[in-house]
$ cat entry.cif   # mmCIF, C-alpha atoms (C1' of nucleotides)
data_input
#
loop_
_atom_site.label_atom_id
_atom_site.label_comp_id
_atom_site.auth_asym_id
_atom_site.auth_seq_id
_atom_site.Cartn_x
_atom_site.Cartn_y
_atom_site.Cartn_z
CA MET S 1 -11.55 -13.83 -21.86
CA PRO S 2 -12.30 -15.47 -18.59
CA GLY S 3 -10.06 -18.31 -19.73
CA LEU S 4 -6.89 -16.29 -19.32
CA LEU S 5 -7.65 -15.02 -15.84
CA ASN S 6 -8.54 -18.48 -14.61
CA ASP S 7 -5.54 -19.98 -16.37
CA VAL S 8 -3.17 -17.54 -14.68
CA TYR S 9 -4.81 -18.27 -11.36
CA ASN S 10 -4.40 -22.01 -11.78
CA ARG S 11 -0.75 -21.62 -12.71
CA LEU S 12 -0.09 -19.53 -9.63
CA LEU S 13 -1.92 -22.01 -7.44
CA ALA S 14 0.02 -24.88 -8.94
CA ARG S 15 3.30 -23.12 -8.30
CA PHE S 16 2.72 -21.57 -4.91
CA ALA S 17 0.94 -22.92 -1.90
CA PRO S 18 -2.30 -21.14 -1.04
CA GLN S 19 -1.24 -17.97 0.73
CA GLN S 20 -4.03 -18.06 3.28
CA TRP S 21 -4.08 -14.36 3.99
CA TRP S 22 -5.89 -13.56 7.19
CA PRO S 23 -7.34 -17.03 7.61
CA GLY S 24 -8.27 -17.15 11.27
CA ASP S 25 -8.10 -13.56 12.40
CA SER S 26 -11.16 -11.64 13.51
CA PRO S 27 -12.66 -9.24 10.97
CA PHE S 28 -11.87 -6.29 13.22
CA GLU S 29 -8.25 -7.30 13.42
CA VAL S 30 -8.15 -7.56 9.63
CA MET S 31 -9.62 -4.07 9.30
CA LEU S 32 -6.82 -2.68 11.42
CA GLY S 33 -4.26 -4.75 9.54
CA ALA S 34 -5.41 -3.31 6.23
CA VAL S 35 -4.40 0.17 7.44
CA LEU S 36 -1.28 -0.90 9.29
CA VAL S 37 0.16 -2.73 6.29
CA GLN S 38 -0.08 0.28 3.95
CA ASN S 39 3.24 0.57 2.14
CA THR S 40 4.76 -1.61 4.81
CA SER S 41 5.86 -5.21 5.14
CA TRP S 42 3.29 -7.51 6.67
CA LYS S 43 5.84 -8.47 9.31
CA ASN S 44 5.92 -4.92 10.69
CA ALA S 45 2.15 -4.63 10.60
CA GLU S 46 1.98 -7.86 12.57
CA LEU S 47 4.25 -6.46 15.26
CA ALA S 48 1.86 -3.56 15.71
CA ILE S 49 -1.15 -5.88 15.93
CA ALA S 50 0.68 -8.01 18.48
CA ASN S 51 1.22 -4.89 20.57
CA LEU S 52 -2.47 -4.05 20.38
CA ARG S 53 -3.38 -7.57 21.39
CA GLU S 54 -0.97 -7.54 24.29
CA ALA S 55 -2.41 -4.25 25.47
CA GLY S 56 -5.86 -5.79 25.36
CA VAL S 57 -7.28 -3.23 22.94
CA LEU S 58 -8.00 -5.48 19.99
CA ASP S 59 -11.64 -4.63 20.32
CA PRO S 60 -13.58 -1.81 18.65
CA HIS S 61 -14.88 -0.15 21.80
CA ARG S 62 -11.71 -0.50 23.81
CA LEU S 63 -9.56 0.77 20.97
CA ASP S 64 -11.97 3.63 20.44
CA LYS S 65 -11.34 4.77 24.01
CA LEU S 66 -7.57 4.45 23.83
CA PRO S 67 -5.77 7.81 23.97
CA GLN S 68 -4.13 8.73 20.69
CA ALA S 69 -0.63 8.92 22.16
CA GLU S 70 -0.94 5.34 23.41
CA LEU S 71 -2.24 4.16 20.07
CA GLU S 72 0.71 5.79 18.35
CA GLU S 73 3.14 4.09 20.69
CA LEU S 74 1.61 0.65 20.20
CA ILE S 75 1.60 0.75 16.41
CA ARG S 76 5.08 2.22 16.09
CA PRO S 77 6.69 -0.91 14.57
CA ALA S 78 4.41 -0.61 11.54
CA GLY S 79 6.02 2.67 10.52
CA TYR S 80 4.23 5.92 9.61
CA TRP S 81 2.83 5.65 13.10
CA ARG S 82 1.56 9.22 13.38
CA VAL S 83 -0.28 8.96 10.08
CA LYS S 84 -1.58 5.47 10.69
CA ALA S 85 -2.79 6.28 14.20
CA ARG S 86 -4.88 9.06 12.67
CA ARG S 87 -6.17 6.75 9.97
CA LEU S 88 -7.09 4.10 12.50
CA ARG S 89 -8.87 6.76 14.55
CA ASN S 90 -10.87 7.78 11.49
CA LEU S 91 -11.73 4.17 10.79
CA LEU S 92 -12.85 3.68 14.39
CA THR S 93 -14.95 6.81 14.31
CA TRP S 94 -16.73 5.38 11.31
CA PHE S 95 -17.05 1.82 12.60
CA VAL S 96 -17.89 2.51 16.24
CA GLY S 97 -19.47 5.94 15.92
CA ARG S 98 -21.57 5.22 12.89
CA HIS S 99 -22.16 1.47 13.10
CA GLY S 100 -21.78 0.77 16.79
CA GLY S 101 -18.68 -1.33 16.21
CA SER S 102 -20.97 -4.08 15.01
CA LEU S 103 -20.11 -6.36 12.12
CA ALA S 104 -23.74 -7.42 11.98
CA ALA S 105 -24.64 -3.81 11.24
CA LEU S 106 -22.29 -3.85 8.25
CA GLU S 107 -23.80 -7.03 6.88
CA ALA S 108 -27.00 -5.24 6.01
CA ILE S 109 -25.13 -2.83 3.73
CA SER S 110 -24.49 -3.55 0.07
CA ASP S 111 -20.97 -3.90 -1.30
CA ASP S 112 -21.19 -0.68 -3.26
CA VAL S 113 -22.53 1.44 -0.42
CA LEU S 114 -20.02 -0.01 2.01
CA ARG S 115 -17.20 0.75 -0.38
CA GLU S 116 -18.41 4.32 -0.78
CA GLU S 117 -18.55 4.76 2.98
CA LEU S 118 -15.06 3.38 3.42
CA LEU S 119 -13.68 5.68 0.75
CA THR S 120 -14.99 8.73 2.56
CA ILE S 121 -12.75 7.87 5.52
CA HIS S 122 -9.58 9.89 5.50
CA GLY S 123 -6.68 7.49 5.00
CA ILE S 124 -8.73 4.73 3.38
CA GLY S 125 -8.02 4.63 -0.34
CA PRO S 126 -9.19 2.13 -2.95
CA GLU S 127 -6.80 -0.66 -2.05
CA THR S 128 -7.39 -0.44 1.68
CA ALA S 129 -11.14 -0.19 1.20
CA ASP S 130 -11.16 -3.26 -1.03
CA SER S 131 -8.86 -5.15 1.35
CA ILE S 132 -11.32 -4.52 4.15
CA LEU S 133 -14.27 -5.53 1.98
CA LEU S 134 -12.62 -8.72 0.79
CA TYR S 135 -10.42 -9.88 3.65
CA ALA S 136 -12.37 -8.64 6.64
CA LEU S 137 -15.94 -8.76 5.39
CA GLY S 138 -15.79 -11.51 2.79
CA ARG S 139 -17.24 -9.37 0.01
CA CYS S 140 -16.50 -10.40 -3.55
CA THR S 141 -14.21 -7.49 -4.43
CA PHE S 142 -10.90 -7.69 -6.25
CA VAL S 143 -7.97 -5.94 -4.59
CA VAL S 144 -5.66 -4.27 -7.07
CA ASP S 145 -2.13 -3.47 -6.04
CA ALA S 146 1.11 -2.41 -7.68
CA TYR S 147 2.12 -6.00 -8.46
CA THR S 148 -1.19 -6.74 -10.13
CA ALA S 149 -0.82 -3.79 -12.45
CA ARG S 150 2.82 -4.54 -13.14
CA VAL S 151 2.37 -8.20 -13.96
CA PHE S 152 -0.66 -7.77 -16.16
CA ALA S 153 0.64 -4.71 -17.98
CA ARG S 154 3.94 -6.43 -18.65
CA HIS S 155 2.13 -9.28 -20.35
CA GLY S 156 0.05 -6.88 -22.37
CA TRP S 157 -3.18 -8.06 -20.77
CA ILE S 158 -4.08 -4.61 -19.53
CA ASP S 159 -3.11 -1.12 -20.61
CA ALA S 160 0.00 0.13 -18.84
CA GLU S 161 -1.90 3.35 -18.15
CA ALA S 162 -4.99 1.63 -16.75
CA ASP S 163 -6.14 3.09 -13.45
CA TYR S 164 -7.27 1.24 -10.34
CA HIS S 165 -10.91 1.03 -11.30
CA GLN S 166 -10.21 -0.21 -14.82
CA ILE S 167 -7.98 -2.98 -13.57
CA GLN S 168 -10.47 -3.97 -10.92
CA ASP S 169 -13.22 -4.03 -13.48
CA TYR S 170 -11.10 -6.23 -15.73
CA PHE S 171 -10.81 -8.82 -13.00
CA GLN S 172 -14.31 -8.56 -11.62
CA SER S 173 -15.99 -8.89 -14.98
CA GLY S 174 -13.70 -11.62 -16.28
CA LEU S 175 -12.91 -13.82 -13.32
CA GLU S 176 -15.10 -16.71 -12.36
CA GLY S 177 -15.05 -17.39 -8.66
CA ASP S 178 -16.20 -16.38 -5.21
CA ALA S 179 -14.65 -14.22 -2.53
CA GLY S 180 -12.33 -17.09 -1.66
CA THR S 181 -10.93 -17.07 -5.18
CA PHE S 182 -10.51 -13.30 -5.18
CA ASN S 183 -8.79 -13.53 -1.81
CA GLU S 184 -6.30 -16.12 -2.93
CA TYR S 185 -5.75 -14.59 -6.37
CA HIS S 186 -4.62 -11.26 -4.99
CA ALA S 187 -2.36 -12.91 -2.43
CA LEU S 188 -0.82 -15.14 -5.09
CA LEU S 189 -0.10 -12.14 -7.31
CA VAL S 190 1.71 -10.48 -4.45
CA ARG S 191 3.68 -13.65 -3.92
CA LEU S 192 4.53 -13.83 -7.61
CA GLY S 193 5.62 -10.22 -7.60
CA LYS S 194 7.91 -10.70 -4.64
CA ASP S 195 9.64 -13.64 -6.25
CA TYR S 196 9.85 -12.53 -9.87
CA CYS S 197 8.87 -8.93 -10.47
CA ARG S 198 11.30 -6.86 -8.49
CA LYS S 199 13.25 -4.22 -10.32
CA THR S 200 16.02 -6.60 -11.23
CA PRO S 201 14.95 -8.64 -14.25
CA LYS S 202 14.46 -12.09 -12.90
CA CYS S 203 11.95 -13.98 -14.91
CA GLU S 204 13.55 -17.37 -15.13
CA GLY S 205 11.23 -19.90 -13.65
CA CYS S 206 8.28 -17.55 -13.40
CA PRO S 207 5.13 -19.62 -13.80
CA LEU S 208 3.90 -17.09 -16.36
CA GLU S 209 7.20 -16.97 -18.23
CA ASP S 210 5.99 -18.66 -21.40
CA LEU S 211 3.06 -16.24 -21.57
CA LEU S 212 5.35 -13.23 -21.87
CA PRO S 213 5.23 -11.35 -25.15
CA ALA S 214 8.32 -11.69 -27.31
CA GLY S 215 10.95 -9.16 -26.37
CA GLY S 216 12.74 -10.38 -23.35
CA PRO S 217 12.31 -10.99 -19.70
CA CYS S 218 9.91 -9.30 -17.40
CA GLN S 219 11.32 -5.95 -16.36
CA GLY S 220 9.15 -5.80 -13.34
"C1'" DG E 221 24.09 2.11 3.22
"C1'" DA E 222 20.75 1.83 -0.32
"C1'" DC E 223 16.51 -0.10 -1.36
"C1'" DC E 224 12.10 -1.97 -0.47
"C1'" DA E 225 7.48 -3.13 1.70
"C1'" DG E 226 0.12 -5.90 0.82
"C1'" DG E 227 -0.81 3.42 0.20
"C1'" DC E 228 -2.66 7.72 0.83
"C1'" DA E 229 -3.17 12.69 1.06
"C1'" DC E 230 -1.50 16.95 -0.12
"C1'" DA E 231 1.38 20.58 -2.42
"C1'" DT E 232 2.89 22.35 -6.52
"C1'" DC E 233 3.29 23.12 -11.21
"C1'" DG O 234 -4.59 16.47 -14.32
"C1'" DA O 235 -0.05 14.84 -13.80
"C1'" DT O 236 3.92 14.57 -11.08
"C1'" DG O 237 6.53 14.90 -6.65
"C1'" DT O 238 6.89 14.48 -1.69
"C1'" DG O 239 6.17 13.30 3.34
"C1'" DC O 240 5.21 9.80 6.30
"C1'" DA O 241 8.89 5.72 9.48
"C1'" DT O 242 10.01 1.06 10.80
"C1'" DG O 243 12.50 -3.31 10.09
"C1'" DG O 244 14.45 -6.74 6.68
"C1'" DT O 245 17.66 -7.87 2.72
#

$ encode --input "entry.cif" --output "structure tokens"
Amino acid sequence: MPGLLNDVYNRLLARFAPQQWWPGDSPFEVMLGAVLVQNTSWKNAELAIANLREAGVLDPHRLDKLPQAELEELIRPAGYWRVKARRLRNLLTWFVGRHGGSLAALEAISDDVLREELLTIHGIGPETADSILLYALGRCTFVVDAYTARVFARHGWIDAEADYHQIQDYFQSGLEGDAGTFNEYHALLVRLGKDYCRKTPKCEGCPLEDLLPAGGPCQG
DNA sequence: GACCAGGCACATC
DNA sequence: GATGTGCATGGT
């Protein structure tokens, strides 16, 4: 039913402005952002990136040479700074050590292989890997997050027990569109979730409200 | 002051 | 294999 997925997308687009996630930032910056934003507000991740920029280390080779203690200090506003500094280090070891810090080197690698490589990095899980693939590298990969699962399970469009891969497969096999569509779709779902799918029932005015199954408002 | 945010790894049962 | 917990800052 590609109709449903595209219909939901169009409703979200009609309601919300395009979210324009990571429109003009460099791919490397987006890679870092994908780690820094883990379980954290984008605002805090941005503060950390601003620190890195100000320190002049928003570059694969320069960041690779930065002492860990300094990295930790710079990314502190993003929270989990000890963990995230380690994860960024692992990501850098992969990107710089294995691929010379070159985006061109990554371009030669298929989506599937790249995803596998990313998932071997300690601290890069499915969502972060897919965020890097989609938002940094422009690969046609759907990013699944908690809001996606919540919204679609609540409407009965996916199984409430569906795992990450099943949900991703549902979107990737049913959605017509390019990486730009996948990019905007995920961002719009996050936007929808923030406005309507918090724990407090608050479905009035939700652009998907009339698609809800009978039985009351969205419980989030 | 509680609760949440664009997760992930690890311990424990 | 499922469930629980640590990680930490800044906004509502």

$ resolve_selection --input "entry.cif" --expression "the PyMOL selection byres ((chain O) within 8 of (chain S))" --output "VMD selection string"
chain O and resid 240 to 243

$ residues_around --input "entry.cif" --residues "DT245 (chain O)" --least-positions-apart "2" --cutoff "12 Å" --atoms "only C-alpha atoms (C1' of nucleotides)" --output "ChimeraX atom specification"
/E:221-225 /O:243

$ atom_distance --input "entry.cif" --atom1 "CA of Trp157 (chain S)" --atom2 "CA of Leu4 (chain S)"
9.1 Å

$ closest_residue --input "entry.cif" --among "S:Gly138, S:Pro60, S:Gly193, S:Pro27" --to "chain E" --atoms "all atoms listed in the file"
S:Gly193

$ closest_residue --input "entry.cif" --among "S:Cys206, S:Val37, S:Ala153, S:Leu88" --to "chain E" --atoms "only C-alpha atoms (C1' of nucleotides)"
S:Val37

$ atom_distance --input "entry.cif" --atom1 "CA of Pro213 (chain S)" --atom2 "CA of Arg154 (chain S)"
8.3 Å

$ atom_distance --input "entry.cif" --atom1 "CA of Tyr185 (chain S)" --atom2 "CA of Leu12 (chain S)"
8.2 Å

$ closest_atom_pairs --input "entry.cif" --of "chain E" --to "chain S" --cutoff "8 Å" --atoms "only C-alpha atoms (C1' of nucleotides)" --output "JSON lines"
{"residue": "E:DA225", "atom": "C1'", "partner": "S:Ser41", "partner_atom": "CA", "distance": 4.3}
{"residue": "E:DG226", "atom": "C1'", "partner": "S:Val37", "partner_atom": "CA", "distance": 6.3}
{"residue": "E:DG227", "atom": "C1'", "partner": "S:Gln38", "partner_atom": "CA", "distance": 4.9}
{"residue": "E:DC228", "atom": "C1'", "partner": "S:Gly123", "partner_atom": "CA", "distance": 5.8}
{"residue": "E:DA229", "atom": "C1'", "partner": "S:Gly123", "partner_atom": "CA", "distance": 7.4}

$ residues_around --input "entry.cif" --residues "Leu92 (chain S)" --least-positions-apart "4" --cutoff "8 Å" --atoms "all atoms listed in the file" --output "PyMOL selection string"
chain S and resi 60+63-64+88+96-97+101

$ write_last_selection --input "entry.cif" --atoms "C-alpha atoms" --output "PDB file, in the frame of the given file"
ATOM      1  CA  PRO S  60     -13.580  -1.810  18.650  1.00  0.00           C
ATOM      2  CA  LEU S  63      -9.560   0.770  20.970  1.00  0.00           C
ATOM      3  CA  ASP S  64     -11.970   3.630  20.440  1.00  0.00           C
ATOM      4  CA  LEU S  88      -7.090   4.100  12.500  1.00  0.00           C
ATOM      5  CA  VAL S  96     -17.890   2.510  16.240  1.00  0.00           C
ATOM      6  CA  GLY S  97     -19.470   5.940  15.920  1.00  0.00           C
ATOM      7  CA  GLY S 101     -18.680  -1.330  16.210  1.00  0.00           C
TER       8      GLY S 101
END

$ residues_around --input "entry.cif" --residues "region 108-111 of chain S" --least-positions-apart "5" --cutoff "10 Å" --atoms "only C-alpha atoms (C1' of nucleotides)" --output "PyMOL selection string"
chain S and resi 103+116-117+130+133-134+137+139-141

$ resolve_selection --input "entry.cif" --expression "the PyMOL selection byres ((chain S and resi 51) around 12)" --output "ChimeraX atom specification"
/S:44-50,52-58,70-78

$ closest_residue --input "entry.cif" --among "S:Glu209, S:Ala85, S:Asp59, S:Phe142" --to "Gly174 (chain S)" --atoms "all atoms listed in the file"
S:Phe142

$ residues_around --input "entry.cif" --residues "DA231 (chain E)" --least-positions-apart "5" --cutoff "12 Å" --atoms "all atoms listed in the file" --output "list in words"
DT236, DG237, DT238 and DG239 of chain O
